[in-house]
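Below is structure11.cif, which holds mmCIF, C-alpha atoms and all ligand atoms.
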```cif
data_entry
loop_
_atom_site.label_atom_id
_atom_site.label_comp_id
_atom_site.auth_asym_id
_atom_site.auth_seq_id
_atom_site.Cartn_x
_atom_site.Cartn_y
_atom_site.Cartn_z
CA MET A 77 -18.96 -11.27 -28.63
CA TYR A 78 -17.70 -8.01 -27.18
CA LYS A 79 -20.91 -6.14 -27.90
CA GLU A 80 -23.01 -8.77 -26.08
CA ARG A 81 -20.70 -8.59 -23.08
CA ILE A 82 -21.11 -4.81 -23.03
CA GLN A 83 -24.90 -5.14 -23.33
CA LYS A 84 -24.95 -7.39 -20.25
CA LEU A 85 -22.93 -4.87 -18.27
CA HIS A 86 -25.36 -2.12 -19.33
CA VAL A 87 -28.40 -4.19 -18.31
CA SER A 88 -26.81 -4.83 -14.93
CA LEU A 89 -26.43 -1.05 -14.40
CA GLY A 90 -29.93 -0.21 -15.66
CA ILE A 91 -28.64 1.58 -18.76
CA PRO A 92 -31.39 1.42 -21.44
CA LYS A 93 -30.80 -0.97 -24.33
CA GLU A 94 -30.98 1.91 -26.80
CA TYR A 95 -27.82 3.41 -25.31
CA LEU A 96 -25.58 0.86 -27.00
CA GLU A 97 -27.66 0.64 -30.19
CA HIS A 98 -27.96 4.35 -30.87
CA SER A 99 -24.84 5.84 -29.36
CA LYS A 100 -22.97 8.24 -31.62
CA GLN A 101 -19.77 7.30 -29.82
CA LEU A 102 -17.54 4.58 -31.15
CA LEU A 103 -17.43 1.34 -29.20
CA CYS A 104 -13.98 1.08 -27.57
CA VAL A 105 -12.71 -2.44 -28.00
CA GLU A 106 -10.24 -4.05 -25.59
CA PRO A 107 -6.89 -4.96 -27.20
CA THR A 108 -5.51 -8.48 -27.58
CA GLN A 109 -2.07 -7.48 -26.32
CA LEU A 110 -1.03 -5.38 -23.34
CA VAL A 111 2.33 -4.74 -21.70
CA SER A 112 3.10 -3.53 -18.18
CA THR A 113 4.19 0.06 -17.75
CA GLU A 114 6.25 1.67 -15.02
CA PRO A 115 4.26 2.08 -11.76
CA ASP A 116 1.81 5.00 -11.88
CA PHE A 117 1.73 7.97 -9.49
CA TYR A 118 0.09 5.79 -6.82
CA GLY A 119 2.57 2.94 -7.31
CA ARG A 120 0.00 0.78 -9.09
CA ARG A 121 0.83 -1.46 -12.00
CA GLN A 122 -0.63 -0.16 -15.28
CA ARG A 123 -0.94 -1.63 -18.76
CA LEU A 124 -0.93 -0.25 -22.33
CA THR A 125 -0.70 -1.73 -25.81
CA PRO A 126 2.95 -2.21 -26.85
CA GLU A 127 2.69 0.65 -29.39
CA ALA A 128 1.09 3.06 -26.94
CA PHE A 129 3.66 2.17 -24.26
CA ASP A 130 6.56 2.85 -26.64
CA ALA A 131 5.05 6.16 -27.68
CA TRP A 132 4.35 7.15 -24.06
CA SER A 133 7.89 6.21 -22.96
CA ASN A 134 9.42 8.31 -25.75
CA MET A 135 7.14 11.23 -24.99
CA LYS A 136 7.86 11.12 -21.26
CA GLN A 137 11.63 11.04 -21.90
CA SER A 138 11.37 13.96 -24.29
CA ALA A 139 9.46 15.94 -21.64
CA ILE A 140 12.16 15.12 -19.07
CA ASN A 141 14.81 16.33 -21.54
CA ASP A 142 12.91 19.63 -21.70
CA GLY A 143 12.78 19.85 -17.89
CA VAL A 144 9.07 18.92 -17.68
CA THR A 145 7.66 16.24 -15.37
CA VAL A 146 4.67 14.25 -16.54
CA PHE A 147 3.59 10.88 -15.15
CA LEU A 148 0.90 8.22 -15.47
CA ILE A 149 -2.17 8.37 -13.28
CA SER A 150 -4.14 5.73 -15.14
CA ALA A 151 -3.96 3.71 -18.37
CA PHE A 152 -5.81 0.53 -19.47
CA ARG A 153 -9.10 -0.15 -17.71
CA ASP A 154 -11.46 -2.88 -18.91
CA ALA A 155 -15.23 -2.71 -19.36
CA GLN A 156 -15.82 -4.62 -16.13
CA TYR A 157 -13.80 -2.01 -14.21
CA GLN A 158 -15.98 0.72 -15.70
CA HIS A 159 -19.11 -1.24 -14.70
CA ASP A 160 -17.88 -1.61 -11.12
CA LEU A 161 -16.96 2.08 -10.90
CA ILE A 162 -20.44 3.13 -12.03
CA ALA A 163 -22.16 0.54 -9.82
CA ARG A 164 -20.28 1.96 -6.83
CA LYS A 165 -21.48 5.49 -7.62
CA ILE A 166 -25.07 4.27 -8.01
CA GLY A 167 -24.66 2.63 -4.61
CA GLU A 168 -23.65 6.02 -3.23
CA GLY A 169 -27.00 7.37 -4.36
CA ARG A 170 -26.05 9.21 -7.54
CA SER A 171 -28.31 9.08 -10.59
CA LEU A 172 -27.23 7.24 -13.70
CA GLU A 173 -27.71 10.40 -15.76
CA GLN A 174 -25.38 12.34 -13.46
CA ILE A 175 -22.76 9.62 -13.54
CA LEU A 176 -22.78 9.17 -17.32
CA ARG A 177 -22.01 12.85 -17.75
CA VAL A 178 -18.55 12.33 -16.25
CA ASN A 179 -17.95 8.57 -16.64
CA ALA A 180 -18.26 6.78 -19.96
CA ALA A 181 -20.64 3.82 -19.99
CA PRO A 182 -18.91 0.40 -20.17
CA GLY A 183 -17.72 -0.09 -23.75
CA PHE A 184 -17.27 3.61 -24.39
CA SER A 185 -14.23 4.51 -22.32
CA GLU A 186 -11.10 5.09 -24.39
CA HIS A 187 -9.22 3.46 -21.52
CA HIS A 188 -10.61 0.10 -22.75
CA THR A 189 -8.40 0.38 -25.86
CA GLY A 190 -5.12 0.35 -23.93
CA ARG A 191 -4.10 3.49 -25.82
CA ALA A 192 -5.44 6.17 -23.47
CA VAL A 193 -3.55 7.67 -20.55
CA ASP A 194 -4.51 10.03 -17.74
CA LEU A 195 -1.48 12.18 -17.01
CA GLY A 196 -0.38 14.21 -14.04
CA THR A 197 2.41 16.47 -12.90
CA HIS A 198 3.81 17.52 -9.51
CA ASP A 199 2.22 20.95 -9.15
CA CYS A 200 -1.40 19.85 -9.69
CA ASP A 201 -3.92 17.52 -8.04
CA ALA A 202 -4.80 14.44 -10.11
CA LEU A 203 -7.60 14.73 -12.67
CA GLU A 204 -8.32 18.40 -12.05
CA GLU A 205 -9.11 20.99 -14.71
CA ALA A 206 -6.28 23.08 -13.24
CA PHE A 207 -3.95 20.68 -15.06
CA GLU A 208 -4.40 23.02 -18.04
CA GLN A 209 -2.42 25.68 -16.16
CA THR A 210 0.68 23.53 -15.68
CA ASP A 211 3.94 23.51 -17.62
CA ALA A 212 3.26 19.84 -18.37
CA PHE A 213 0.02 20.71 -20.17
CA VAL A 214 1.64 23.51 -22.16
CA TRP A 215 4.37 21.05 -23.18
CA LEU A 216 1.82 18.38 -24.16
CA LYS A 217 -0.20 20.83 -26.25
CA ARG A 218 2.96 21.68 -28.15
CA ASN A 219 4.55 18.24 -28.44
CA ALA A 220 2.15 15.33 -27.84
CA LYS A 221 0.95 15.20 -31.43
CA SER A 222 4.42 14.40 -32.72
CA PHE A 223 4.34 11.27 -30.51
CA GLY A 224 0.87 10.31 -31.76
CA PHE A 225 -1.08 11.49 -28.69
CA VAL A 226 -4.16 13.69 -28.93
CA MET A 227 -6.34 15.24 -26.23
CA SER A 228 -9.61 13.35 -26.62
CA TYR A 229 -11.95 15.63 -24.72
CA PRO A 230 -11.19 19.29 -25.34
CA ARG A 231 -13.71 21.94 -24.28
CA GLY A 232 -16.95 21.59 -26.23
CA ASN A 233 -16.05 18.15 -27.64
CA ALA A 234 -18.53 16.46 -29.98
CA ALA A 235 -19.02 13.45 -27.68
CA GLY A 236 -20.42 15.77 -25.01
CA PHE A 237 -17.95 14.59 -22.38
CA ALA A 238 -16.64 16.89 -19.69
CA TYR A 239 -13.38 18.72 -20.50
CA GLU A 240 -10.42 16.48 -19.58
CA PRO A 241 -7.08 18.21 -20.19
CA TRP A 242 -5.30 15.26 -18.52
CA HIS A 243 -6.68 12.56 -20.86
CA TRP A 244 -4.62 11.77 -23.98
CA CYS A 245 -4.99 8.93 -26.44
CA PHE A 246 -2.43 7.36 -28.72
CA GLU A 247 -3.91 7.01 -32.18
CA SER A 248 -1.96 4.47 -34.14
CA PRO A 249 -2.06 4.98 -37.93
CA ALA A 250 -3.68 1.54 -38.29
CA THR A 251 -6.56 2.48 -36.00
CA GLU A 252 -7.21 5.69 -37.87
CA LYS A 253 -7.56 3.72 -41.10
CA GLU A 254 -10.00 1.29 -39.46
CA ILE A 255 -12.21 4.17 -38.35
ZN ZN B 301 -8.98 9.24 -18.96
#
```
How would this structure read if it were set down as structure tokens?
Ligand SMILES: [Zn+2]
Amino acid sequence: MYKERIQKLHVSLGIPKEYLEHSKQLLCVEPTQLVSTEPDFYGRRQRLTPEAFDAWSNMKQSAINDGVTVFLISAFRDAQYQHDLIARKIGEGRSLEQILRVNAAPGFSEHHTGRAVDLGTHDCDALEEAFEQTDAFVWLKRNAKSFGFVMSYPRGNAAGFAYEPWHWCFESPATEKEI
């Protein structure tokens, strides 16, 4: 079961058992189907669900048509990836509490769903708050919703995550019904 797998990853990182039981966040489940995207900014292969990839491709083309450049920095990442990322930071001497303020615990990253993307543009360093000052961000704020993408972590978000203007998630109508 997915939840048991997540629990094991938490135990291995020293995350208390209660974290999974009592979290107010929704568990982010990995999809059954993923397709390859174009290479990301770093030339790495990325994956998304077929629906999210279609929506992203249409959105990116529409931005290009408006003279705006926006590209993928990251997309699907599984729970094991998230575990390894956090384990590496613990190894560097950071506290779990510190890490969980900026990195979701395994099972709680929207990137597990294959519907979340981290986006970048030419005139901004990757994954920086300054992304909010770019033309790409202004364009996304105005247009992303019509392609089904929402900014998951605006300032002061309920989940208590740090502000991430670069992180957008495709919410398929089916998923909204399930929630
Ligand atoms: Zn993200």
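Counting all atoms listed in the file, the residue from A:Trp215, A:Ile175, A:Thr197, A:Leu148 that sits nearest to ligand ZN 301 (chain B) is A:Leu148.
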Separation of CA of Leu102 in chain A from CA of Gly236 in chain A in Å: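 Atom-to-atom, CA of Gly236 in chain A and CA of Leu102 in chain A are spaced 13.1 Å apart.
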May I have the protein, DNA and RNA residues with an atom at most 10 Å from (-23.1, -4.4, -25.0), counting all atoms listed in the file in the file's coordinates, returned as a PyMOL selection string? chain A and resi 77-87+93+95-97+103+155+181-184
Grab the residues selected above and save them as a PDB file, in the frame of the given file with C-alpha atoms.
```
ATOM      1  CA  MET A  77     -18.960 -11.270 -28.630  1.00  0.00           C
ATOM      2  CA  TYR A  78     -17.700  -8.010 -27.180  1.00  0.00           C
ATOM      3  CA  LYS A  79     -20.910  -6.140 -27.900  1.00  0.00           C
ATOM      4  CA  GLU A  80     -23.010  -8.770 -26.080  1.00  0.00           C
ATOM      5  CA  ARG A  81     -20.700  -8.590 -23.080  1.00  0.00           C
ATOM      6  CA  ILE A  82     -21.110  -4.810 -23.030  1.00  0.00           C
ATOM      7  CA  GLN A  83     -24.900  -5.140 -23.330  1.00  0.00           C
ATOM      8  CA  LYS A  84     -24.950  -7.390 -20.250  1.00  0.00           C
ATOM      9  CA  LEU A  85     -22.930  -4.870 -18.270  1.00  0.00           C
ATOM     10  CA  HIS A  86     -25.360  -2.120 -19.330  1.00  0.00           C
ATOM     11  CA  VAL A  87     -28.400  -4.190 -18.310  1.00  0.00           C
ATOM     12  CA  LYS A  93     -30.800  -0.970 -24.330  1.00  0.00           C
ATOM     13  CA  TYR A  95     -27.820   3.410 -25.310  1.00  0.00           C
ATOM     14  CA  LEU A  96     -25.580   0.860 -27.000  1.00  0.00           C
ATOM     15  CA  GLU A  97     -27.660   0.640 -30.190  1.00  0.00           C
ATOM     16  CA  LEU A 103     -17.430   1.340 -29.200  1.00  0.00           C
ATOM     17  CA  ALA A 155     -15.230  -2.710 -19.360  1.00  0.00           C
ATOM     18  CA  ALA A 181     -20.640   3.820 -19.990  1.00  0.00           C
ATOM     19  CA  PRO A 182     -18.910   0.400 -20.170  1.00  0.00           C
ATOM     20  CA  GLY A 183     -17.720  -0.090 -23.750  1.00  0.00           C
ATOM     21  CA  PHE A 184     -17.270   3.610 -24.390  1.00  0.00           C
TER      22      PHE A 184
END
```
Can you build me a table of chain A residues sitting at most 8 Å from ligand ZN 301 (chain B), with the closest atom pair per residue and its distance in Å to one decimal, using only C-alpha atoms and all ligand atoms, sorted by chain and residue number, as a tab-separated table?
```
residue	atom	partner	partner_atom	distance
A:Ser150	CA	B:ZN301	ZN	7.1
A:Ala151	CA	B:ZN301	ZN	7.5
A:Ser185	CA	B:ZN301	ZN	7.8
A:Glu186	CA	B:ZN301	ZN	7.2
A:His187	CA	B:ZN301	ZN	6.3
A:Ala192	CA	B:ZN301	ZN	6.5
A:Val193	CA	B:ZN301	ZN	5.9
A:Asp194	CA	B:ZN301	ZN	4.7
A:Glu240	CA	B:ZN301	ZN	7.4
A:Trp242	CA	B:ZN301	ZN	7.1
A:His243	CA	B:ZN301	ZN	4.5
A:Trp244	CA	B:ZN301	ZN	7.1
```
Select, counting all atoms listed in the file, all protein, DNA and RNA residues no farther than 9 Å from (-1.4, 8.8, -7.1) in file coordinates, and express the selection as a ChimeraX atom specification. /A:116-120,148-149,196,202
Go ahead and compute the interatomic distance for CA of Glu247 in chain A and CA of Ala163 in chain A, in Å to one decimal.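 Spanning CA of Glu247 in chain A to CA of Ala163 in chain A is a straight-line distance of 29.6 Å.
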Separation of CA of Glu208 in chain A from CA of Met227 in chain A, in Å and rounded to one decimal: 11.5 Å
If we count only C-alpha atoms, what is near Gly224 in chain A at a cut-off of 10 Å, once residues fewer than 5 positions away on the same chain are taken out, given as a list in words? Ala128, Ala131, Trp132, Met135, Asn219, Trp244, Cys245, Phe246, Glu247, Ser248 and Pro249 of chain A
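Using only C-alpha atoms for every distance, the candidate list A:Arg218, A:Arg164, A:His188, A:His198 yields A:His188 as the residue closest to Glu106 in chain A.
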Choose the residue, out of A:Gln158, A:Ser228, A:Asn134, A:Ser222, that has the smallest atom-to-atom separation from Pro241 in chain A; count all atoms listed in the file.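 Checking each candidate against Pro241 in chain A, we get A:Ser228 as the closest.
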Compare A:Ala180, A:Ile166, A:Leu89, A:Leu124 by their minimum atom-to-atom distance to Val111 in chain A, counting all atoms listed in the file, and give me the closest one. A:Leu124
